[in-house]
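S.K.: Mind having a look at this structure? Questions to follow.
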Amino acid sequence: MNVITLHASDLALAALLVLANAGVSMALKLQVHRQMLWAAARMVVQLLLVGLVLRLVFRAGSPAVTVAVALLMIAAAAREVAARPDWRLRGGGNYGIAALTVGVCSVATVVLALLTAIRPQPWHDPRYAIPLLGIVLGSVLNCASLGLDGFFESVTSRRAAIEAQLALGHPMREALSALTRASIRRGVIPIVNQMSAAGLITLPGTMTGQLLAGMDPLESAKYQILLLLLLAGAGGLAAGGAVLLAARRVTDERQRLRTQRLVRAGRRLP
Amino acid sequence: MNLAPPASPDTTLPKHRLRVRGLQSAHARPFDLQLDGGECVVLMGRSGSGKTVLLRLIADLDPGSGHVTLDGCPREAMPAPAWRRQVIYQAAEPAWWAPTVREHLPAPDSPQTLQGIARLGLGPALLDADLTRLSTGERQRFALLRSLAQRPAVLLLDEPTAALDAASTQACEALLRDELARGLAVLWVTHSPEQAQRVGHRRIVLDRAPA
């Protein structure tokens, strides 16, 4: 494959666009230039570091190193899922839910893909396992945190309506069902949109990357289809898992609604 | 309108329908109560004295410790939803979870429901009206019908007529009097001494600082 190598000067040229953005922000008093520049700088450092680390990991090719990197990536994604919702379960409950859903959904999907569809030699070759895990984690992270945020938000705002049902003898499962369903739906919307838009409105990232790297368009389309199907599966599992685990945590053995276990976190910048 | 205190409960109705011994939580001091079938006990006390906390504790909507039985059967011996279906707590501001009243009633077209609607001065057309278009008083009366439609053994009422005019209040009291005669036991929170006089066989005054 004929990869066109980028030089530092090429990147600097692209950076000019971000600087122009910042300039517009200052001129129009949009007050986003600081965030924009900071995010751009972060992105450059993060990606260069990742490139460097992956180069080492790919060269090492050792299962232990691959597992260590995978665990680190899962932990970072889980932390993000736990921290994003506006509401937190007391005692770090968000972290437990996030670690379980992110870990199980991403590992299960990635291992399935490696053992069946992609089948590299060896199956745990970091060149396949790590990027695959990365892209699956992105989807899992989005779906799980949206689902979790939606559930906590609605369970606190609709508390009186839920308790009205409980007080009339409805089981908790029934009182929460509309809410859990809506939250899971909300969690999977991004992946549904991503699939509907793929190819028509946007050229998905993997396909773009492979085309730039010189791969045949139909071959890269097949790769993208496989990935989007994996992302949909993992994302749906993650949204459902996170919401159902959260639903267990806001109730108790007598099917009471225990929203006291939730505290509102300080709002973070988007 | 008969303003004399209500007659004593029918002695053929079940004794000790609801029994509460040492019920308490972090927010409520120990409480004891015995409620016979057909009996209406009025719970009074200034705001913040823990009336709502107590009703929610009895309905098992909040965790607490103590001994509560219904017709001799301990609360823990039955699943929580089964307990709450028989010991119904009606909040001061009843909440709704679907767009219309109809979806909140188990049998919206049954003769009993339609009769209750008529007795409380409501129209059957309101069953399908958007709940947000109903007045607070209409919603409060529908909440009473919604609670009674579950045929509870005990009703825990938190200011059930607070939003109602005199005529609607009397209609609710009359409807509940009939249910009492059929064996229902009622624990009724009110701030009105006149209402307490009209409906209560006994009166309990919670006069204590929040624990």
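Labeling convention for the structure tokens: chains A, B, ... as they appear, residues from 1 per chain, ligands from 1 in order of appearance.
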If DSSP is run on the backbone, what residues of stretch 100-270 of chain A are strand (DSSP E or B)? A reply as a PyMOL selection string would be ideal.

M.R.: chain A and resi 198+202+251+257+262-264

S.K.: Kindly assemble as CSV a list of the chain B residues that lie within 8 Å of chain A, each paired with its nearest atom pair and their distance in Å to one decimal, using only C-alpha atoms, sorted first by chain and then by ascending residue number.

M.R.:
residue,atom,partner,partner_atom,distance
B:Ala59,CA,A:Ala167,CA,7.1
B:Asp60,CA,A:Arg256,CA,7.5
B:Leu61,CA,A:Arg256,CA,5.4
B:Asp62,CA,A:Arg256,CA,6.6
B:Pro63,CA,A:Arg256,CA,7.9
B:Pro79,CA,A:Arg254,CA,7.3
B:Ala80,CA,A:Arg254,CA,5.3
B:Pro81,CA,A:Gly169,CA,4.3
B:Ala82,CA,A:Gly169,CA,6.1
B:Trp83,CA,A:Gly169,CA,7.2
B:Arg84,CA,A:Gly169,CA,4.7
B:Arg85,CA,A:Gly169,CA,4.0
B:Gln86,CA,A:Gly169,CA,7.7
B:Ile88,CA,A:Ala167,CA,5.8
B:Tyr89,CA,A:Ala167,CA,5.6
B:Gln90,CA,A:Ala167,CA,7.3
B:Ala91,CA,A:Ala164,CA,7.7
B:Pro94,CA,A:Ala164,CA,6.9
B:Ala95,CA,A:Ala161,CA,4.9
B:Trp96,CA,A:Ala161,CA,5.4
B:Trp97,CA,A:Ala161,CA,5.2
B:Ser147,CA,A:Leu168,CA,6.8
B:Gln150,CA,A:Leu168,CA,7.2

S.K.: Report as an MDAnalysis selection string all protein, DNA and RNA residues lying within 12 Å of A:Gly150, evaluated on only C-alpha atoms, omitting residues in the same chain fewer than 3 positions from it.

M.R.: chainID A and resid 84:87 143:147 153:158 179:188 239:240 242:243 246:247

S.K.: Dump N, CA and C atoms for the selected residues as a compact mmCIF listing (two decimals), in the first residue's frame?

M.R.:
# COMPACT_ATOMS: atom_id res chain seq x y z
N ARG A 84 -19.31 11.30 33.43
CA ARG A 84 -20.11 12.16 32.55
C ARG A 84 -21.50 12.50 33.07
N PRO A 85 -22.26 11.55 33.65
CA PRO A 85 -23.62 11.90 34.07
C PRO A 85 -23.62 13.00 35.13
N ASP A 86 -24.71 13.77 35.14
CA ASP A 86 -24.83 14.85 36.13
C ASP A 86 -25.08 14.31 37.53
N TRP A 87 -25.49 13.06 37.62
CA TRP A 87 -25.78 12.47 38.93
C TRP A 87 -24.82 11.34 39.21
N CYS A 143 -22.56 5.31 24.36
CA CYS A 143 -23.87 4.71 24.62
C CYS A 143 -24.12 4.54 26.11
N ALA A 144 -23.11 4.04 26.84
CA ALA A 144 -23.30 3.79 28.27
C ALA A 144 -23.50 5.10 29.03
N SER A 145 -22.71 6.12 28.70
CA SER A 145 -22.82 7.35 29.49
C SER A 145 -24.12 8.08 29.16
N LEU A 146 -24.55 8.05 27.90
CA LEU A 146 -25.83 8.67 27.56
C LEU A 146 -26.99 7.96 28.25
N GLY A 147 -26.94 6.63 28.23
CA GLY A 147 -27.98 5.86 28.88
C GLY A 147 -28.04 6.13 30.37
N GLU A 153 -31.18 11.18 35.31
CA GLU A 153 -31.93 12.42 35.15
C GLU A 153 -33.43 12.16 35.29
N SER A 154 -33.93 11.13 34.58
CA SER A 154 -35.37 10.93 34.61
C SER A 154 -35.83 10.32 35.94
N VAL A 155 -34.99 9.50 36.56
CA VAL A 155 -35.43 8.89 37.81
C VAL A 155 -35.52 9.95 38.92
N THR A 156 -34.68 10.98 38.84
CA THR A 156 -34.77 12.04 39.86
C THR A 156 -35.89 13.01 39.53
N SER A 157 -36.06 13.33 38.24
CA SER A 157 -37.10 14.31 37.91
C SER A 157 -38.50 13.68 37.96
N ARG A 158 -38.60 12.36 37.78
CA ARG A 158 -39.92 11.71 37.76
C ARG A 158 -40.16 10.90 39.03
N LEU A 179 -39.21 4.40 31.94
CA LEU A 179 -37.97 5.16 32.11
C LEU A 179 -36.73 4.43 31.62
N THR A 180 -36.63 3.15 31.98
CA THR A 180 -35.44 2.39 31.56
C THR A 180 -35.44 2.24 30.05
N ARG A 181 -36.62 1.98 29.48
CA ARG A 181 -36.68 1.83 28.02
C ARG A 181 -36.24 3.12 27.33
N ALA A 182 -36.77 4.26 27.81
CA ALA A 182 -36.42 5.54 27.17
C ALA A 182 -34.92 5.82 27.31
N SER A 183 -34.34 5.46 28.46
CA SER A 183 -32.92 5.73 28.68
C SER A 183 -32.05 4.87 27.77
N ILE A 184 -32.44 3.59 27.61
CA ILE A 184 -31.66 2.72 26.74
C ILE A 184 -31.76 3.22 25.29
N ARG A 185 -33.00 3.60 24.90
CA ARG A 185 -33.18 4.15 23.54
C ARG A 185 -32.27 5.35 23.33
N ARG A 186 -32.25 6.24 24.34
CA ARG A 186 -31.43 7.43 24.22
C ARG A 186 -29.96 7.05 24.07
N GLY A 187 -29.55 5.99 24.76
CA GLY A 187 -28.16 5.55 24.69
C GLY A 187 -27.76 5.05 23.32
N VAL A 188 -28.68 4.39 22.61
CA VAL A 188 -28.29 3.78 21.34
C VAL A 188 -28.55 4.70 20.14
N ALA A 239 -25.41 0.29 26.68
CA ALA A 239 -26.50 1.16 27.13
C ALA A 239 -27.46 0.36 28.01
N GLY A 240 -27.85 -0.83 27.52
CA GLY A 240 -28.77 -1.66 28.29
C GLY A 240 -28.18 -2.07 29.63
N ALA A 242 -25.72 -0.71 31.40
CA ALA A 242 -25.52 0.40 32.33
C ALA A 242 -26.84 0.83 32.97
N VAL A 243 -27.89 0.93 32.14
CA VAL A 243 -29.19 1.39 32.66
C VAL A 243 -29.78 0.36 33.62
N ALA A 246 -27.92 0.43 36.84
CA ALA A 246 -28.27 1.65 37.58
C ALA A 246 -29.65 1.51 38.22
N ALA A 247 -30.57 0.86 37.49
CA ALA A 247 -31.92 0.69 38.03
C ALA A 247 -31.89 -0.16 39.30

S.K.: Quick one: everything within 12 Å of stretch 36-46 of chain A, counting only C-alpha atoms, minus sequence neighbours fewer than 6 positions away in the same chain. Send it as a PyMOL selection string.

M.R.: chain A and resi 8+11-12+14-26+30+52-54+270

S.K.: So, with only C-alpha atoms as the atoms that count, which of A:Ile191, A:Val107, A:Ala213, A:Leu148 lies closest to A:Leu132?

M.R.: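 Answer, going by the shortest atom-to-atom distance: A:Val107.
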
S.K.: Tell me, as a list in words, which residues lie within 8 Å of B:Arg203, counting only C-alpha atoms; anything in the same chain fewer than 6 positions away does not count.

M.R.: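 Selected residues are Val41, Val42, Leu43, Met44 and Ala196 of chain B.
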
S.K.: Can you measure atom CA of B:Leu33 to atom CA of B:Ser168 for me? One decimal in Å is fine.

M.R.: 29.3 Å

S.K.: Select from stretch 86-160 of chain A everything DSSP, run on the backbone, classes as helix (DSSP H, G or I), then give the selection as number ranges by chain.

M.R.: A: 90-118, 126-157, 159-160

S.K.: What is the atom CA of B:Glu173-atom CA of B:Ala28 distance in Å, reported with one decimal?

M.R.: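 Computing it gives 28.7 Å between the two atoms.
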
S.K.: List the spatial neighbours of B:Ser192 as a VMD selection string - criterion: any atom at most 12 Å away, only C-alpha atoms, same-chain residues fewer than 4 positions off excluded.

M.R.: chain B and resid 42 to 46 159 to 162 169 188 196 to 200 203

S.K.: What is the distance between atom CA of A:Leu211 and atom CA of A:Leu6, in Å to one decimal?

M.R.: 15.4 Å
